[in-house]
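Heads up: the structure comes next, in structure tokens.
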Amino acid sequence: MAIDLEARWNIGSVEIPGRLALAPMAGVSVQAFRRQGRRFGAGLVCSEMVSCAGLSHGNERTLGYLRIGRDEHPLAVQIFGSEPEVMAEAARMVEDAGADLVDINFGCPVRKVTKTGAGATLLEEPDRACRIVESVADAVSVPVSVKMRRGLENGSRAALSIGPKLVDAGAASLTLHPRSARQMYTGSADHELTAELVDLVDVPVMASGDVDTRSRAEEVLESTGCAAVMVGRAAQGNPWALGEIAGRIEGEPTREEVVAELLLFMRDTVEEMGEQRATGFLKKFYGWYLGRGRFPKPFKQELVRLESVAEVERRLLAAAPGAGAVLERLRAALPAPDNVTLDLPVSIYAGG
Ligand SMILES: Cc1cc2nc3c(=O)[nH]c(=O)nc-3n(C[C@H](O)[C@H](O)[C@H](O)COP(=O)(O)O)c2cc1C
């Protein structure tokens, strides 16, 4: 049977227009990234993981993660933490900010997070994990989803034993990145485990891990029976991968298209977090956009050394003079700024 990547599906009451989702990535999934992902065909986008403690304390920088544009929906905001009540409070803030879904992180393998009892650690603490899902689901009226790894140790099948319990506790959807926390990003995602999870639960499952082309997306959708595939690293500086998977684009972008998308991304990011923070934040994106054989290495290195976003813009436009016209066409097709709701002032985002 042919796989239809455009097929609509639901997480609870929320309709998702397509079976391709953009993965949450800390330090990457800013609003500019999510908006771009929607433009290139992602049916669902997700914020990076947001600390429930940071939200609960009213930390300015953390609150900035709750800025949601009208052109991002449907959008999940992901929270992490280990205390059910604090997670519930954070979830209410996420709902008030306008998110369509609250996603809970039970997958983060990073020690800074796991040592606080949050992230992937919770896969080995099913009772606490279920209490978290229960209190979050009770606190909000939007659907609650959970994203997890397979378990802490290599070969672990913890996700399969905990998955159905999380659904009983109120999860309306599960996402599995079938690597262990110990694996980090080594080895490969074992989507046979995803197929097993799909068989075990009666809510939609999203498959995350190593999906980078349309053919791989179709293979994972077909072999696992999952509702959607999530794409992360393949989309870093490369929205064209999303376009290819969504069936909207064929072939490589031109240099002008690459530079125009990068310039748009840079401008959106500056607007989002202010020039100062954006200058450092954007550096990794230069390599991601201009790599893949698109521009020579010394050029990328030169951009990273420049001290302002404006200087980088000048160098990019000098390297691809036609990009200015492409950028204008892109901007003309975007929703007018007053069509975009910014729920928090920019100054809050830049602060802290
Ligand atoms: C830089 C980076 C940051 C990430 N941050 C998060 C995060 O905040 N929350 C989360 O659930 N997963 C996070 N992940 C995991 C991804 O969502 C995804 O599950 C993983 O990268 C596998 O998918 P991929 O092979 O398509 O990249 C992150 C991954 C990367 C590479």
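In the structure tokens, the first chain shown is A, the next is B, and so on; residue numbers restart at 1 for each chain, and ligands run from 1 in the order shown.
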Stretch 60-293 of chain A: residues DSSP assigns to helix (DSSP H, G or I), reported as a PDB file with C-alpha atoms, in the first residue's frame:
ATOM      1  CA  GLU A  60      12.733  35.541  31.971  1.00  0.00           C
ATOM      2  CA  ARG A  61      14.781  33.579  29.493  1.00  0.00           C
ATOM      3  CA  THR A  62      12.715  30.435  30.085  1.00  0.00           C
ATOM      4  CA  LEU A  63       9.474  32.376  29.655  1.00  0.00           C
ATOM      5  CA  GLY A  64      10.791  33.455  26.267  1.00  0.00           C
ATOM      6  CA  ARG A  70       0.322  32.296  14.806  1.00  0.00           C
ATOM      7  CA  ASP A  71       2.026  30.709  11.807  1.00  0.00           C
ATOM      8  CA  GLU A  72       3.515  27.887  13.882  1.00  0.00           C
ATOM      9  CA  PRO A  84       4.585  16.249  39.120  1.00  0.00           C
ATOM     10  CA  GLU A  85       3.144  19.460  40.618  1.00  0.00           C
ATOM     11  CA  VAL A  86       5.798  21.707  39.087  1.00  0.00           C
ATOM     12  CA  MET A  87       5.330  19.986  35.726  1.00  0.00           C
ATOM     13  CA  ALA A  88       1.575  20.564  36.016  1.00  0.00           C
ATOM     14  CA  GLU A  89       2.114  24.266  36.722  1.00  0.00           C
ATOM     15  CA  ALA A  90       4.471  24.545  33.752  1.00  0.00           C
ATOM     16  CA  ALA A  91       1.960  22.735  31.544  1.00  0.00           C
ATOM     17  CA  ARG A  92      -0.719  25.277  32.448  1.00  0.00           C
ATOM     18  CA  MET A  93       1.633  28.081  31.420  1.00  0.00           C
ATOM     19  CA  VAL A  94       2.325  26.294  28.150  1.00  0.00           C
ATOM     20  CA  GLU A  95      -1.391  25.961  27.468  1.00  0.00           C
ATOM     21  CA  ASP A  96      -2.003  29.619  28.346  1.00  0.00           C
ATOM     22  CA  ALA A  97       0.740  30.626  25.908  1.00  0.00           C
ATOM     23  CA  ARG A 111      23.790  14.292  32.628  1.00  0.00           C
ATOM     24  CA  LYS A 112      22.898  17.853  33.640  1.00  0.00           C
ATOM     25  CA  VAL A 113      19.251  16.857  33.164  1.00  0.00           C
ATOM     26  CA  THR A 114      19.254  13.184  34.225  1.00  0.00           C
ATOM     27  CA  GLY A 119      14.641  13.245  31.124  1.00  0.00           C
ATOM     28  CA  ALA A 120      15.556   9.635  30.344  1.00  0.00           C
ATOM     29  CA  THR A 121      15.991   8.721  34.046  1.00  0.00           C
ATOM     30  CA  LEU A 122      12.210   8.615  34.319  1.00  0.00           C
ATOM     31  CA  LEU A 123      12.098   5.595  32.010  1.00  0.00           C
ATOM     32  CA  GLU A 124      13.465   3.615  34.962  1.00  0.00           C
ATOM     33  CA  PRO A 126       7.655   4.282  35.932  1.00  0.00           C
ATOM     34  CA  ASP A 127       5.605   5.281  38.980  1.00  0.00           C
ATOM     35  CA  ARG A 128       6.972   8.806  39.081  1.00  0.00           C
ATOM     36  CA  ALA A 129       6.781   9.063  35.277  1.00  0.00           C
ATOM     37  CA  CYS A 130       3.098   8.091  35.391  1.00  0.00           C
ATOM     38  CA  ARG A 131       2.397  10.557  38.189  1.00  0.00           C
ATOM     39  CA  ILE A 132       3.965  13.290  36.071  1.00  0.00           C
ATOM     40  CA  VAL A 133       1.828  12.420  33.045  1.00  0.00           C
ATOM     41  CA  GLU A 134      -1.278  12.163  35.186  1.00  0.00           C
ATOM     42  CA  SER A 135      -0.837  15.529  36.860  1.00  0.00           C
ATOM     43  CA  VAL A 136       0.052  17.251  33.588  1.00  0.00           C
ATOM     44  CA  ALA A 137      -2.941  15.687  31.804  1.00  0.00           C
ATOM     45  CA  ASP A 138      -5.224  16.738  34.680  1.00  0.00           C
ATOM     46  CA  ALA A 139      -3.866  20.290  34.613  1.00  0.00           C
ATOM     47  CA  ALA A 158      11.992   0.010  29.112  1.00  0.00           C
ATOM     48  CA  ALA A 159      10.017   2.075  26.586  1.00  0.00           C
ATOM     49  CA  LEU A 160       7.841  -0.970  25.856  1.00  0.00           C
ATOM     50  CA  SER A 161       6.965  -1.632  29.468  1.00  0.00           C
ATOM     51  CA  ILE A 162       6.394   2.002  30.374  1.00  0.00           C
ATOM     52  CA  GLY A 163       4.626   3.080  27.146  1.00  0.00           C
ATOM     53  CA  PRO A 164       1.206   1.521  27.862  1.00  0.00           C
ATOM     54  CA  LYS A 165       1.341   2.796  31.454  1.00  0.00           C
ATOM     55  CA  LEU A 166       1.939   6.345  30.238  1.00  0.00           C
ATOM     56  CA  VAL A 167      -1.067   6.005  27.960  1.00  0.00           C
ATOM     57  CA  ASP A 168      -3.190   4.804  30.892  1.00  0.00           C
ATOM     58  CA  ALA A 169      -1.915   7.822  32.826  1.00  0.00           C
ATOM     59  CA  HIS A 191      12.732   1.061  14.667  1.00  0.00           C
ATOM     60  CA  GLU A 192      11.811  -2.584  15.189  1.00  0.00           C
ATOM     61  CA  LEU A 193      11.210  -1.417  18.742  1.00  0.00           C
ATOM     62  CA  THR A 194       8.998   1.371  17.410  1.00  0.00           C
ATOM     63  CA  ALA A 195       6.911  -1.250  15.593  1.00  0.00           C
ATOM     64  CA  GLU A 196       6.531  -3.180  18.851  1.00  0.00           C
ATOM     65  CA  LEU A 197       5.412  -0.048  20.673  1.00  0.00           C
ATOM     66  CA  VAL A 198       2.870   0.727  17.951  1.00  0.00           C
ATOM     67  CA  ASP A 199       1.361  -2.743  18.486  1.00  0.00           C
ATOM     68  CA  LEU A 200       1.182  -2.255  22.249  1.00  0.00           C
ATOM     69  CA  ARG A 214      11.592  10.478   1.734  1.00  0.00           C
ATOM     70  CA  SER A 215      12.410   6.842   1.032  1.00  0.00           C
ATOM     71  CA  ARG A 216      13.593   6.295   4.611  1.00  0.00           C
ATOM     72  CA  ALA A 217      10.464   8.072   5.917  1.00  0.00           C
ATOM     73  CA  GLU A 218       8.246   5.778   3.842  1.00  0.00           C
ATOM     74  CA  GLU A 219      10.172   2.727   4.996  1.00  0.00           C
ATOM     75  CA  VAL A 220       9.794   3.651   8.688  1.00  0.00           C
ATOM     76  CA  LEU A 221       6.109   4.553   8.309  1.00  0.00           C
ATOM     77  CA  GLU A 222       5.414   1.300   6.499  1.00  0.00           C
ATOM     78  CA  SER A 223       7.489  -1.063   8.638  1.00  0.00           C
ATOM     79  CA  THR A 224       6.397   0.330  12.016  1.00  0.00           C
ATOM     80  CA  ARG A 233      19.437  16.470  12.604  1.00  0.00           C
ATOM     81  CA  ALA A 234      18.729  16.122   8.879  1.00  0.00           C
ATOM     82  CA  ALA A 235      16.815  19.417   9.041  1.00  0.00           C
ATOM     83  CA  PRO A 239      14.942  22.634   5.366  1.00  0.00           C
ATOM     84  CA  TRP A 240      15.190  21.178   1.859  1.00  0.00           C
ATOM     85  CA  ALA A 241      15.395  17.721   3.469  1.00  0.00           C
ATOM     86  CA  LEU A 242      11.932  18.382   4.932  1.00  0.00           C
ATOM     87  CA  GLY A 243      10.730  19.546   1.526  1.00  0.00           C
ATOM     88  CA  GLU A 244      12.047  16.384  -0.107  1.00  0.00           C
ATOM     89  CA  ILE A 245      10.449  14.153   2.541  1.00  0.00           C
ATOM     90  CA  ARG A 255      23.466  28.709  -3.759  1.00  0.00           C
ATOM     91  CA  GLU A 256      21.110  31.692  -3.960  1.00  0.00           C
ATOM     92  CA  GLU A 257      18.290  29.735  -2.322  1.00  0.00           C
ATOM     93  CA  VAL A 258      20.597  28.539   0.439  1.00  0.00           C
ATOM     94  CA  VAL A 259      21.817  32.045   1.199  1.00  0.00           C
ATOM     95  CA  ALA A 260      18.302  33.522   1.028  1.00  0.00           C
ATOM     96  CA  GLU A 261      16.932  30.973   3.514  1.00  0.00           C
ATOM     97  CA  LEU A 262      19.905  31.535   5.789  1.00  0.00           C
ATOM     98  CA  LEU A 263      19.417  35.317   5.662  1.00  0.00           C
ATOM     99  CA  LEU A 264      15.732  34.952   6.487  1.00  0.00           C
ATOM    100  CA  PHE A 265      16.599  32.617   9.345  1.00  0.00           C
ATOM    101  CA  MET A 266      19.182  35.102  10.640  1.00  0.00           C
ATOM    102  CA  ARG A 267      16.756  38.027  10.539  1.00  0.00           C
ATOM    103  CA  ASP A 268      14.000  36.045  12.264  1.00  0.00           C
ATOM    104  CA  THR A 269      16.449  34.920  14.931  1.00  0.00           C
ATOM    105  CA  VAL A 270      17.705  38.449  15.579  1.00  0.00           C
ATOM    106  CA  GLU A 271      14.107  39.585  15.965  1.00  0.00           C
ATOM    107  CA  GLU A 272      13.429  36.696  18.284  1.00  0.00           C
ATOM    108  CA  MET A 273      16.369  36.879  20.668  1.00  0.00           C
ATOM    109  CA  GLU A 275      21.258  40.911  18.073  1.00  0.00           C
ATOM    110  CA  GLN A 276      23.652  40.076  20.897  1.00  0.00           C
ATOM    111  CA  ARG A 277      22.443  36.571  21.669  1.00  0.00           C
ATOM    112  CA  ALA A 278      21.715  35.829  18.019  1.00  0.00           C
ATOM    113  CA  THR A 279      25.329  36.577  17.004  1.00  0.00           C
ATOM    114  CA  GLY A 280      26.696  33.609  18.947  1.00  0.00           C
ATOM    115  CA  PHE A 281      23.642  31.399  18.529  1.00  0.00           C
ATOM    116  CA  LYS A 283      27.372  30.522  14.293  1.00  0.00           C
ATOM    117  CA  LYS A 284      26.646  26.801  14.217  1.00  0.00           C
ATOM    118  CA  PHE A 285      23.977  27.377  11.601  1.00  0.00           C
ATOM    119  CA  TYR A 286      26.492  28.856   9.124  1.00  0.00           C
ATOM    120  CA  GLY A 287      28.298  25.536   8.898  1.00  0.00           C
ATOM    121  CA  TRP A 288      25.030  23.629   8.682  1.00  0.00           C
ATOM    122  CA  TYR A 289      23.599  25.760   5.857  1.00  0.00           C
ATOM    123  CA  LEU A 290      26.752  26.254   3.866  1.00  0.00           C
TER     124      LEU A 290
END
Could you please extract the residues within 10 Å of ligand 1, counting only C-alpha atoms and all ligand atoms, and hand them back as an NGL selection string?
:A and (21-29 or 46-51 or 77-80 or 103-110 or 119-120 or 146-149 or 175-179 or 184-185 or 188-189 or 207-212 or 229-236)
Could you write those residues out with C-alpha atoms, as a short mmCIF file (atom, residue, chain, number, x, y, z; two decimals), in the first residue's frame?
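Once written, selection.cif looks like this:
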data_model
loop_
_atom_site.label_atom_id
_atom_site.label_comp_id
_atom_site.auth_asym_id
_atom_site.auth_seq_id
_atom_site.Cartn_x
_atom_site.Cartn_y
_atom_site.Cartn_z
CA ALA A 21 7.07 16.29 12.26
CA LEU A 22 10.03 18.49 13.12
CA ALA A 23 11.91 17.12 16.14
CA PRO A 24 12.53 19.17 19.27
CA MET A 25 16.21 20.11 19.53
CA ALA A 26 17.70 22.11 22.38
CA GLY A 27 19.69 25.06 21.05
CA VAL A 28 18.14 24.64 17.61
CA SER A 29 14.32 24.61 17.69
CA CYS A 46 7.95 21.31 18.60
CA SER A 47 9.83 23.69 20.86
CA GLU A 48 13.04 22.60 22.46
CA MET A 49 12.73 21.20 25.96
CA VAL A 50 11.83 23.88 28.48
CA SER A 51 12.64 23.57 32.17
CA VAL A 77 5.90 22.86 23.63
CA GLN A 78 8.06 20.33 25.41
CA ILE A 79 8.70 20.51 29.15
CA PHE A 80 11.09 18.59 31.37
CA ASP A 103 4.96 17.30 25.24
CA ILE A 104 6.86 15.73 28.14
CA ASN A 105 10.53 14.86 27.83
CA PHE A 106 11.45 11.38 29.08
CA GLY A 107 14.35 11.06 26.66
CA CYS A 108 17.06 13.60 27.41
CA PRO A 109 20.29 11.65 28.03
CA VAL A 110 22.38 14.64 29.11
CA GLY A 119 14.64 13.25 31.12
CA ALA A 120 15.56 9.64 30.34
CA VAL A 146 5.47 11.99 25.74
CA LYS A 147 8.79 11.67 23.93
CA MET A 148 11.18 9.00 25.13
CA ARG A 149 14.24 6.93 24.37
CA THR A 175 7.20 9.46 20.38
CA LEU A 176 10.02 6.95 20.48
CA HIS A 177 13.65 7.61 19.66
CA PRO A 178 14.79 4.00 19.87
CA ARG A 179 18.33 4.52 21.10
CA MET A 184 23.58 9.25 22.84
CA TYR A 185 23.68 9.45 19.02
CA SER A 188 21.40 3.51 14.80
CA ALA A 189 17.77 3.95 15.79
CA ALA A 207 9.08 7.51 15.19
CA SER A 208 12.19 9.61 15.73
CA GLY A 209 15.70 8.72 14.65
CA ASP A 210 17.73 8.59 11.47
CA VAL A 211 14.97 9.66 9.10
CA ASP A 212 16.67 11.84 6.50
CA VAL A 229 8.05 10.37 11.46
CA MET A 230 10.03 13.03 13.22
CA VAL A 231 13.08 14.59 11.59
CA GLY A 232 15.80 16.25 13.62
CA ARG A 233 19.44 16.47 12.60
CA ALA A 234 18.73 16.12 8.88
CA ALA A 235 16.82 19.42 9.04
CA GLN A 236 19.59 21.42 10.71
#
With only C-alpha atoms as the counted atoms, please give the residues lying no more than 9 Å from A:Val142, apart from itself and same-chain residues fewer than 4 positions off, as a VMD selection string.
chain A and resid 12 to 14 95 99 to 102 137
Could you save the residues just selected, with C-alpha atoms, as a PDB file, in the first residue's frame?
ATOM      1  CA  GLY A  12      -6.560  13.764  20.661  1.00  0.00           C
ATOM      2  CA  SER A  13      -8.549  16.717  19.347  1.00  0.00           C
ATOM      3  CA  VAL A  14      -5.602  18.276  17.489  1.00  0.00           C
ATOM      4  CA  GLU A  95      -1.391  25.961  27.468  1.00  0.00           C
ATOM      5  CA  ALA A  99       0.475  25.675  22.482  1.00  0.00           C
ATOM      6  CA  ASP A 100      -1.693  23.006  20.871  1.00  0.00           C
ATOM      7  CA  LEU A 101       0.041  20.183  22.732  1.00  0.00           C
ATOM      8  CA  VAL A 102       2.136  19.749  25.844  1.00  0.00           C
ATOM      9  CA  ALA A 137      -2.941  15.687  31.804  1.00  0.00           C
TER      10      ALA A 137
END
Apply DSSP to the structure's backbone, then extract all residues of stretch 14-103 of chain A labelled strand (DSSP E) and return them as a VMD selection string.
chain A and resid 14 to 17 20 to 22 45 to 51 75 to 80 101 to 103
What separation in Å, quoted to one decimal, exists between atom CA of A:Met206 and atom CA of A:Phe40?
19.0 Å
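With only C-alpha atoms as the atoms that count, the residue of A:Ala320, A:Leu282, A:Leu152, A:Pro335 with the shortest distance to A:Ser308 is A:Leu282.
For the pair atom CA of A:Gly69 and atom CA of A:Leu330, the interatomic distance is 17.7 Å.
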